[in-house]
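Everything below belongs to input-v1.txt, which stores compact mmCIF, C-alpha atoms.
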```txt
# COMPACT_ATOMS: atom_id res chain seq x y z
CA MET S 2 -13.42 17.84 19.35
CA LYS S 3 -16.78 16.13 19.61
CA GLY S 4 -17.64 13.09 21.62
CA GLY S 5 -19.86 11.66 24.28
CA ALA S 6 -18.87 9.65 27.32
CA MET S 7 -15.42 8.12 27.02
CA ALA S 8 -15.48 4.46 26.00
CA LEU S 9 -11.97 3.10 26.57
CA ILE S 10 -10.88 -0.09 24.88
CA ARG S 11 -7.48 -1.67 25.49
CA MET S 12 -5.42 -3.05 22.62
CA PRO S 13 -1.86 -4.35 22.38
CA GLY S 14 0.74 -1.88 21.15
CA LEU S 15 0.38 -1.63 17.38
CA ILE S 16 3.17 -2.67 15.00
CA ASP S 17 3.85 -0.93 11.70
CA PRO S 18 6.08 -3.08 9.48
CA HIS S 19 6.59 -0.44 6.79
CA VAL S 20 7.82 3.09 7.58
CA HIS S 21 10.38 5.53 6.17
CA LEU S 22 11.79 7.56 9.06
CA ARG S 23 14.23 9.46 6.78
CA ASP S 24 17.01 9.23 9.35
CA PRO S 25 19.87 9.44 8.48
CA GLY S 26 19.99 11.41 5.25
CA ALA S 27 16.83 13.55 5.27
CA THR S 28 16.10 14.52 8.86
CA TYR S 29 14.54 17.80 7.71
CA LYS S 30 11.56 15.63 6.67
CA GLU S 31 11.50 13.34 9.71
CA SER S 32 13.90 12.05 12.35
CA PHE S 33 14.08 8.99 14.54
CA THR S 34 12.69 11.05 17.42
CA THR S 35 9.86 12.84 15.61
CA GLY S 36 8.89 9.72 13.69
CA THR S 37 8.72 7.52 16.78
CA GLN S 38 6.80 10.22 18.67
CA ALA S 39 4.32 10.28 15.79
CA ALA S 40 4.14 6.50 16.10
CA LEU S 41 3.24 6.68 19.78
CA ALA S 42 0.60 9.31 19.07
CA GLY S 43 -0.92 6.86 16.60
CA GLY S 44 -0.80 3.90 19.01
CA PHE S 45 2.29 2.20 17.54
CA THR S 46 4.93 0.86 19.91
CA ALA S 47 7.15 -0.86 17.32
CA LEU S 48 8.16 0.06 13.77
CA LEU S 49 10.17 -1.54 10.98
CA ASP S 50 12.11 1.04 8.95
CA MET S 51 12.81 0.69 5.23
CA PRO S 52 16.32 0.86 3.69
CA ASN S 53 15.95 3.50 0.94
CA ASN S 54 17.44 6.36 2.93
CA PRO S 55 18.22 9.34 0.66
CA GLY S 56 21.93 9.49 -0.09
CA SER S 57 22.70 6.55 2.20
CA PRO S 58 20.71 3.46 1.17
CA VAL S 59 21.16 0.53 3.51
CA VAL S 60 22.76 -1.88 1.06
CA THR S 61 26.08 -2.47 2.83
CA PRO S 62 26.95 -3.61 6.36
CA GLU S 63 28.62 -0.23 6.90
CA ALA S 64 25.44 1.68 5.98
CA LEU S 65 23.43 -0.52 8.32
CA ALA S 66 25.92 0.16 11.13
CA ARG S 67 25.70 3.92 10.51
CA LYS S 68 21.93 3.81 10.62
CA THR S 69 21.87 1.77 13.81
CA ALA S 70 24.35 4.17 15.44
CA ALA S 71 22.28 7.17 14.34
CA ALA S 72 19.23 5.75 16.11
CA GLU S 73 20.91 5.25 19.48
CA GLY S 74 19.28 7.37 22.17
CA LYS S 75 16.79 8.97 19.78
CA LEU S 76 13.87 6.54 19.87
CA ALA S 77 10.51 6.99 21.57
CA CYS S 78 9.40 3.46 20.62
CA ASP S 79 11.07 0.27 19.39
CA VAL S 80 12.47 0.27 15.86
CA GLY S 81 13.88 -2.48 13.66
CA PHE S 82 15.46 -2.24 10.23
CA PHE S 83 15.30 -3.75 6.76
CA TYR S 84 18.25 -4.30 4.45
CA GLY S 85 18.10 -3.23 0.80
CA ALA S 86 18.43 -5.67 -2.10
CA SER S 87 20.87 -4.88 -4.89
CA ALA S 88 23.12 -6.75 -7.26
CA GLY S 89 26.15 -5.58 -5.31
CA SER S 90 24.87 -6.63 -1.88
CA LEU S 91 24.35 -10.35 -2.54
CA GLY S 92 27.56 -11.36 -0.81
CA THR S 93 26.68 -9.56 2.42
CA TYR S 94 23.37 -11.28 3.17
CA GLY S 95 24.76 -13.86 5.56
CA GLN S 96 26.49 -11.14 7.58
CA VAL S 97 23.55 -8.73 7.90
CA ALA S 98 20.57 -11.09 8.08
CA PRO S 99 20.82 -11.60 11.88
CA GLN S 100 20.72 -7.82 12.38
CA VAL S 101 17.58 -7.02 10.40
CA PHE S 102 13.96 -8.12 10.10
CA GLY S 103 14.03 -8.73 6.39
CA LEU S 104 15.24 -7.78 2.93
CA LYS S 105 13.41 -5.19 0.80
CA LEU S 106 13.42 -5.77 -2.95
CA TYR S 107 12.20 -2.89 -5.12
CA LEU S 108 10.87 -3.93 -8.52
CA ASP S 109 9.06 -0.69 -9.39
CA ASP S 110 9.81 3.02 -9.12
CA THR S 111 9.95 4.58 -5.66
CA THR S 112 12.02 7.07 -3.65
CA GLY S 113 15.72 6.41 -4.18
CA ASP S 114 17.52 4.29 -6.76
CA LEU S 115 17.17 0.74 -5.42
CA LYS S 116 14.97 -0.54 -8.26
CA VAL S 117 16.16 -3.90 -9.60
CA GLU S 118 15.15 -4.79 -13.18
CA GLU S 119 17.33 -7.66 -14.38
CA LEU S 120 15.37 -10.92 -14.12
CA GLU S 121 18.51 -12.95 -13.43
CA THR S 122 19.47 -10.59 -10.58
CA ILE S 123 15.97 -10.72 -9.11
CA ARG S 124 16.05 -14.51 -9.09
CA SER S 125 19.54 -14.56 -7.57
CA ILE S 126 18.46 -12.19 -4.78
CA MET S 127 15.40 -14.31 -3.99
CA GLN S 128 17.58 -17.41 -3.82
CA ALA S 129 20.41 -15.86 -1.81
CA TRP S 130 18.44 -14.23 1.01
CA PRO S 131 18.05 -16.70 3.93
CA ARG S 132 14.68 -18.44 3.81
CA SER S 133 14.29 -18.01 7.57
CA LYS S 134 14.10 -14.22 7.10
CA PRO S 135 11.23 -12.39 5.35
CA LEU S 136 11.73 -11.07 1.84
CA CYS S 137 9.55 -7.99 1.25
CA VAL S 138 8.82 -6.99 -2.32
CA HIS S 139 7.63 -3.71 -3.82
CA ALA S 140 5.88 -5.18 -6.84
CA GLU S 141 3.01 -3.74 -8.85
CA GLU S 142 0.76 -5.61 -11.25
CA ARG S 143 3.12 -7.19 -13.82
CA THR S 144 6.09 -7.42 -11.46
CA LEU S 145 3.85 -8.95 -8.78
CA ALA S 146 2.76 -11.58 -11.27
CA MET S 147 6.42 -12.15 -12.17
CA VAL S 148 7.34 -12.77 -8.52
CA LEU S 149 4.49 -15.25 -8.15
CA GLY S 150 5.81 -17.03 -11.23
CA LEU S 151 9.33 -17.20 -9.77
CA LEU S 152 8.34 -18.66 -6.40
CA PRO S 153 8.32 -22.35 -7.42
CA SER S 154 11.82 -21.87 -8.85
CA VAL S 155 13.34 -20.14 -5.84
CA GLY S 156 11.52 -22.18 -3.19
CA ARG S 157 10.76 -19.47 -0.66
CA SER S 158 8.01 -17.25 0.76
CA VAL S 159 7.62 -13.53 0.06
CA HIS S 160 5.72 -10.62 1.54
CA PHE S 161 4.08 -8.17 -0.86
CA CYS S 162 4.13 -4.56 0.28
CA HIS S 163 1.29 -2.03 -0.19
CA VAL S 164 -1.04 -4.01 -2.44
CA SER S 165 -3.18 -1.42 -4.24
CA ARG S 166 -4.84 -2.84 -7.37
CA ARG S 167 -7.72 -5.20 -8.03
CA ILE S 168 -5.61 -7.50 -10.20
CA GLU S 169 -2.95 -7.70 -7.48
CA VAL S 170 -5.31 -8.75 -4.70
CA GLU S 171 -7.07 -11.19 -7.02
CA LEU S 172 -3.74 -12.80 -7.96
CA ILE S 173 -2.83 -13.00 -4.27
CA ARG S 174 -6.15 -14.61 -3.39
CA ASP S 175 -5.69 -17.20 -6.14
CA ALA S 176 -2.12 -17.94 -5.03
CA LYS S 177 -3.09 -18.30 -1.37
CA GLU S 178 -5.94 -20.64 -2.26
CA ARG S 179 -3.35 -22.81 -4.06
CA GLY S 180 -1.13 -22.85 -0.98
CA VAL S 181 1.58 -20.50 -2.27
CA PRO S 182 3.58 -19.20 0.75
CA ILE S 183 2.90 -15.45 0.55
CA THR S 184 1.69 -12.66 2.81
CA CYS S 185 0.71 -9.09 1.99
CA GLU S 186 -0.21 -5.70 3.39
CA VAL S 187 -2.38 -2.74 2.45
CA ALA S 188 -1.97 0.93 3.32
CA PRO S 189 -4.95 2.97 4.57
CA HIS S 190 -4.47 5.59 1.85
CA HIS S 191 -5.15 2.90 -0.75
CA LEU S 192 -8.34 1.95 1.10
CA TYR S 193 -9.70 5.47 1.50
CA LEU S 194 -8.42 7.52 -1.44
CA THR S 195 -8.62 7.10 -5.22
CA GLU S 196 -7.12 8.78 -8.25
CA GLU S 197 -10.13 11.09 -8.23
CA ASP S 198 -8.71 12.70 -5.08
CA VAL S 199 -5.46 13.72 -6.78
CA PRO S 200 -6.79 16.93 -8.39
CA ARG S 201 -7.96 18.05 -4.94
CA LEU S 202 -4.81 17.00 -3.11
CA GLY S 203 -2.22 17.92 -5.74
CA GLY S 204 1.23 16.74 -4.70
CA LEU S 205 -0.15 15.58 -1.34
CA GLY S 206 -1.92 12.78 -3.18
CA LEU S 207 1.14 11.40 -4.97
CA MET S 208 2.68 8.19 -3.68
CA LYS S 209 4.06 4.87 -4.94
CA PRO S 210 2.14 2.79 -5.73
CA PRO S 211 -0.15 5.57 -6.99
CA LEU S 212 -3.76 5.86 -5.93
CA GLY S 213 -6.02 3.51 -7.83
CA ARG S 214 -9.49 3.64 -9.28
CA GLY S 215 -12.70 3.14 -7.37
CA VAL S 216 -12.84 -0.47 -8.56
CA ASP S 217 -9.40 -1.06 -7.03
CA VAL S 218 -10.50 0.31 -3.65
CA ASP S 219 -13.67 -1.77 -3.78
CA ALA S 220 -11.62 -4.88 -4.54
CA LEU S 221 -9.26 -4.26 -1.62
CA TRP S 222 -12.18 -4.01 0.80
CA ALA S 223 -13.91 -7.03 -0.75
CA ASN S 224 -10.75 -9.13 -0.36
CA LEU S 225 -9.66 -7.85 3.03
CA ASP S 226 -9.80 -11.40 4.35
CA VAL S 227 -6.72 -12.36 2.31
CA ILE S 228 -4.74 -9.25 3.28
CA ASP S 229 -2.58 -10.10 6.28
CA MET S 230 -1.81 -6.69 7.73
CA ILE S 231 -2.23 -2.93 7.66
CA ALA S 232 0.99 -0.97 7.03
CA THR S 233 1.11 2.80 6.82
CA ASP S 234 4.04 3.17 4.38
CA HIS S 235 4.69 6.36 6.38
CA ALA S 236 6.78 8.41 3.93
CA PRO S 237 6.98 12.08 4.95
CA HIS S 238 8.15 14.95 2.74
CA THR S 239 7.98 18.68 3.44
CA LEU S 240 5.06 20.76 2.21
CA ILE S 241 7.48 22.82 0.11
CA GLU S 242 8.59 19.66 -1.68
CA LYS S 243 5.07 18.33 -2.14
CA ARG S 244 3.82 21.65 -3.53
CA SER S 245 6.72 22.00 -5.96
CA GLU S 246 6.53 21.40 -9.70
CA ASN S 247 8.09 17.97 -9.22
CA PRO S 248 6.72 16.62 -5.92
CA PRO S 249 8.31 13.47 -4.47
CA PHE S 250 6.23 10.37 -3.84
CA GLY S 251 4.98 9.52 -0.36
CA VAL S 252 2.55 10.48 2.40
CA PRO S 253 2.71 10.28 6.21
CA GLY S 254 0.39 7.83 7.91
CA LEU S 255 1.40 6.87 11.44
CA GLU S 256 -1.09 9.12 13.20
CA THR S 257 -4.10 8.53 10.95
CA SER S 258 -3.97 4.77 10.36
CA LEU S 259 -5.77 3.61 13.51
CA PRO S 260 -8.68 6.10 13.41
CA LEU S 261 -9.19 5.38 9.72
CA MET S 262 -9.37 1.65 10.37
CA LEU S 263 -11.67 2.19 13.36
CA ILE S 264 -14.10 3.84 10.94
CA ALA S 265 -14.21 0.49 9.17
CA VAL S 266 -14.83 -1.30 12.48
CA HIS S 267 -17.75 1.00 13.28
CA ALA S 268 -19.10 0.48 9.75
CA GLY S 269 -18.95 -3.32 10.16
CA ARG S 270 -16.32 -3.85 7.49
CA LEU S 271 -14.09 -5.71 9.95
CA THR S 272 -14.19 -6.63 13.62
CA LEU S 273 -12.00 -5.18 16.34
CA ASP S 274 -10.38 -8.60 16.78
CA ARG S 275 -9.52 -8.68 13.08
CA LEU S 276 -8.09 -5.17 13.35
CA VAL S 277 -5.80 -6.30 16.18
CA GLN S 278 -4.71 -9.25 14.05
CA MET S 279 -3.83 -6.96 11.14
CA MET S 280 -2.11 -4.23 13.16
CA HIS S 281 -0.37 -6.31 15.83
CA THR S 282 -0.56 -10.10 15.63
CA ALA S 283 0.27 -10.65 11.95
CA PRO S 284 3.23 -8.23 11.78
CA ARG S 285 4.70 -9.80 14.91
CA ARG S 286 4.25 -13.32 13.51
CA VAL S 287 5.41 -12.68 9.94
CA PHE S 288 8.49 -10.67 10.93
CA HIS S 289 9.39 -12.75 14.00
CA MET S 290 9.35 -9.76 16.33
CA PRO S 291 10.08 -10.13 20.05
CA PRO S 292 7.23 -9.44 22.50
CA GLN S 293 6.90 -6.14 24.34
CA PRO S 294 5.83 -7.10 27.88
CA ASP S 295 3.37 -4.87 29.74
CA THR S 296 2.74 -2.85 26.59
CA TYR S 297 -0.72 -1.69 25.52
CA ILE S 298 -2.74 1.25 24.26
CA GLU S 299 -6.06 2.64 25.40
CA VAL S 300 -8.37 4.06 22.75
CA ASP S 301 -11.42 6.24 23.29
CA ASP S 302 -13.72 4.37 20.94
CA ALA S 303 -16.54 6.94 21.26
CA ARG S 304 -14.56 10.04 20.41
CA ARG S 305 -15.41 11.67 17.09
CA TRP S 306 -12.95 14.23 15.87
CA THR S 307 -11.55 15.93 12.80
CA ILE S 308 -8.01 15.27 11.59
CA THR S 309 -5.96 18.47 11.37
CA ASP S 310 -2.40 19.19 10.27
CA ASP S 311 -1.58 21.18 13.39
CA SER S 312 -2.27 18.24 15.71
CA LEU S 313 0.45 16.01 14.20
CA TYR S 314 3.79 15.03 15.71
CA THR S 315 5.37 14.08 12.39
CA LYS S 316 7.90 16.71 11.34
CA CYS S 317 6.32 17.14 7.90
CA ALA S 318 3.15 18.46 9.65
CA TRP S 319 0.56 17.52 7.02
CA THR S 320 -1.71 14.65 6.03
CA PRO S 321 -3.86 13.96 2.96
CA PHE S 322 -6.69 13.24 5.42
CA ALA S 323 -6.83 16.74 6.92
CA GLY S 324 -10.45 17.76 7.43
CA MET S 325 -11.74 14.18 7.58
CA GLN S 326 -13.99 13.22 10.48
CA VAL S 327 -12.96 10.01 12.22
CA VAL S 328 -13.92 8.01 15.28
CA GLY S 329 -11.58 6.61 17.91
CA ALA S 330 -8.60 8.41 19.44
CA VAL S 331 -5.53 7.15 21.26
CA GLU S 332 -5.91 8.17 24.89
CA SER S 333 -2.85 6.52 26.44
CA VAL S 334 0.10 4.31 25.55
CA THR S 335 2.10 2.19 27.98
CA LEU S 336 5.42 0.77 26.77
CA ARG S 337 7.00 -1.89 29.01
CA GLY S 338 5.17 -0.50 32.02
CA GLN S 339 6.03 3.15 31.36
CA GLU S 340 3.28 5.55 30.35
CA VAL S 341 4.46 7.39 27.24
CA VAL S 342 1.17 8.91 26.06
CA ARG S 343 -1.33 10.46 28.47
CA ALA S 344 -4.63 12.14 27.58
CA GLY S 345 -3.70 11.85 23.92
CA ARG S 346 -0.37 13.70 24.28
CA VAL S 347 3.07 12.18 23.89
CA LEU S 348 4.98 12.75 27.11
CA ASP S 349 8.04 14.98 26.81
CA THR S 350 10.65 12.31 27.43
CA LEU S 351 12.05 9.38 25.53
CA ALA S 352 10.79 6.11 26.93
CA GLU S 353 13.12 4.12 29.14
CA GLY S 354 14.28 0.80 27.74
CA VAL S 355 13.32 1.36 24.11
CA ALA S 356 15.41 -0.71 21.80
CA ILE S 357 16.75 -1.04 18.33
CA ILE S 358 15.37 -4.45 17.51
CA PRO S 359 16.14 -7.33 17.12
CA LEU S 360 17.24 -7.22 20.73
CA ALA S 361 20.86 -8.15 21.33
```
As structure tokens:
Amino acid sequence: MKGGAMALIRMPGLIDPHVHLRDPGATYKESFTTGTQAALAGGFTALLDMPNNPGSPVVTPEALARKTAAAEGKLACDVGFFYGASAGSLGTYGQVAPQVFGLKLYLDDTTGDLKVEELETIRSIMQAWPRSKPLCVHAEERTLAMVLGLLPSVGRSVHFCHVSRRIEVELIRDAKERGVPITCEVAPHHLYLTEEDVPRLGGLGLMKPPLGRGVDVDALWANLDVIDMIATDHAPHTLIEKRSENPPFGVPGLETSLPLMLIAVHAGRLTLDRLVQMMHTAPRRVFHMPPQPDTYIEVDDARRWTITDDSLYTKCAWTPFAGMQVVGAVESVTLRGQEVVRAGRVLDTLAEGVAIIPLA
């Protein structure tokens, strides 16, 4: 690892509002423990986990209870959950809404079988979910435009996940300028990789939404001011799966997100204050997350290093950014007064007082 004198900067614990911890259902890819340890290594002290668990999607109160029980005693940082939208789950929204941070509505292909296509069902879901709770939408291009068209009819706000195309961010900018109540996020892999990287990466470069063209990446950077937050869409799969003839979609991102975004800070593409807004303040505000007192991270802002697979805590043990030189490394993490990362290493104990959030 290269680097000059250490230049520590203190930041609040980061929040990732979009992860797939694979637990329960696919713990051979990731588990609550390995995923939250990876989060700490990347500077994240709170995560929001998506509902498309393989074989056990969180679309019933019983599935949510099983997932919550599975997380007990296995967390290295705070974790909250989303509920999955489906035609059959409409009647359960009032029961589960107080237990989750939002509803996830899938309108395009992704891992699992939660895609909703019927326009009438989509509108009913948007109307039925409590307006006081966020509604997160996986929508790409045409389906994103469809959701924007539905908003006056359903009278609510929505949050667009992993915006990745020029037309999407341009539509979002136009809607925001007209006062439409929407927020959105972008994943670092859509800011730093394009479809031209897929031949080099093979299955490691396949995700949903897929990597875009250079003009899409340029548009995301040019419109970063209307993007509310950075979300990793951490979606680990094993190397065997990703190198197979039919690789699943998804890439890990918890441990590479901060150094990648610090490259942008050093390049003058955004300020450190704006980075904190996108990786802490906005997720907390949009998803109504409780504060974590006496929680912060310290980052060596002068450290230049190369991302490697063998340095990762995520169980899948690979990243599409392996070999990339970055700047800025997490030196320490303190969660509610307890040091959980020291000298860049996650301490070998689960943190005291971590919680499944919302807090009871």
inquiry  = What does the structure give for the distance between CA of Val159 (chain S) and CA of Leu65 (chain S), in Å to one decimal?
reply    = 22.1 Å
task = Check the smallest atom-to-atom distance from each of S:Leu104, S:Ala64, S:Leu41, S:Val80 to Leu336 (chain S) using all atoms listed in the file, then report the winner.
result =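 Looking at the shortest contact to Leu336 (chain S), the residue is S:Leu41.
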query = So, counting only C-alpha atoms, which residue among S:Gly324, S:Thr122, S:Met12, S:His238 is closest to Gly89 (chain S)?
reply =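 Ranking S:Gly324, S:Thr122, S:Met12, S:His238 by distance to Gly89 (chain S), first place goes to S:Thr122.
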Proximity check region 160-236 of chain S to region 260-283 of chain S, 6 Å, nearest pairs one decimal Å, all atoms listed in the file, as a Markdown table:
```
| residue | atom | partner | partner_atom | distance |
| --- | --- | --- | --- | --- |
| S:Asp229 | CA | S:Met279 | CA | 5.9 |
| S:Met230 | CA | S:Met279 | CA | 4.0 |
| S:Ile231 | CA | S:Met279 | CA | 5.6 |
```
Filtering to C-alpha atoms, could you give me those residues as a JSON list (two decimals), keeping the file's coordinate frame?
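File written: part02.json
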```
[["chain", "number", "residue", "atom", "x", "y", "z"],
["S", 229, "ASP", "CA", -2.58, -10.10, 6.28],
["S", 230, "MET", "CA", -1.81, -6.69, 7.73],
["S", 231, "ILE", "CA", -2.23, -2.93, 7.66]]
```
Distance of CA of Ser87 (chain S) from CA of Lys177 (chain S), expressed in Å to one decimal place = 27.7 Å
message = So the first atom is CA of Leu151 (chain S) and the second is CA of Gly103 (chain S); what is the distance between them in Å, to one decimal place?
response = 18.8 Å
task = Identify, on the basis of all atoms listed in the file, every residue whose closest approach to Thr233 (chain S) does not exceed 7 Å; exclude the query and any residue fewer than 3 positions from it along the same chain; express the result as a ChimeraX atom specification.
result = /S:17,19-20,188-189,254-255,258
Write a file of the just-selected residues containing C-alpha atoms, as a PDB file, in the coordinates of the input.
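For reference, result-v7.pdb as written:
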```pdb
ATOM      1  CA  ASP S  17       3.850  -0.930  11.700  1.00  0.00           C
ATOM      2  CA  HIS S  19       6.590  -0.440   6.790  1.00  0.00           C
ATOM      3  CA  VAL S  20       7.820   3.090   7.580  1.00  0.00           C
ATOM      4  CA  ALA S 188      -1.970   0.930   3.320  1.00  0.00           C
ATOM      5  CA  PRO S 189      -4.950   2.970   4.570  1.00  0.00           C
ATOM      6  CA  GLY S 254       0.390   7.830   7.910  1.00  0.00           C
ATOM      7  CA  LEU S 255       1.400   6.870  11.440  1.00  0.00           C
ATOM      8  CA  SER S 258      -3.970   4.770  10.360  1.00  0.00           C
TER       9      SER S 258
END
```
message = Restricting the calculation to all atoms listed in the file: of S:Ala176, S:Ala40, S:Leu207, S:Val117, which residue gets closest to Arg244 (chain S)?
response = S:Leu207
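The environment of Tyr29 (chain S) within 10 Å, counting only C-alpha atoms and disregarding residues fewer than 5 places along the same chain, consists of Arg23, Asp24, Pro237, His238, Thr239, Lys316 and Cys317 of chain S.
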Listing only residues of region 2-40 of chain S within 8 Å of region 292-299 of chain S, what is the closest atom pair and its distance in Å (to one decimal) for each, using all atoms listed in the file, sorted by chain and residue number ascending, as a Markdown table?
```
| residue | atom | partner | partner_atom | distance |
| --- | --- | --- | --- | --- |
| S:Leu9 | CA | S:Glu299 | CA | 6.0 |
| S:Ile10 | CA | S:Glu299 | CA | 5.6 |
| S:Arg11 | CA | S:Glu299 | CA | 4.5 |
| S:Met12 | CA | S:Ile298 | CA | 5.3 |
| S:Pro13 | CA | S:Tyr297 | CA | 4.3 |
| S:Gly14 | CA | S:Tyr297 | CA | 4.6 |
```
query = Which of these residues is nearest to His191 (chain S), using all atoms listed in the file: S:Asp311, S:Pro321, S:Phe288, S:Leu108?
reply =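 Ranked by minimum distance to His191 (chain S), first place goes to S:Pro321.
The residue that comes closest to Gln100 (chain S), out of S:Ile357, S:Lys116, S:Gly180, S:Arg174 and on the basis of all atoms listed in the file, is S:Ile357.
Proximity of S:Asn247, S:Gln38, S:Asn53, S:Ser165 to Arg214 (chain S), computed with only C-alpha atoms, is greatest for S:Ser165.
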inquiry  = Please list as a PyMOL selection string every residue within 7 Å of Ala39 (chain S), counting all atoms listed in the file and excluding residues in the same chain fewer than 6 positions away.
reply    = chain S and resi 255-256+314-315
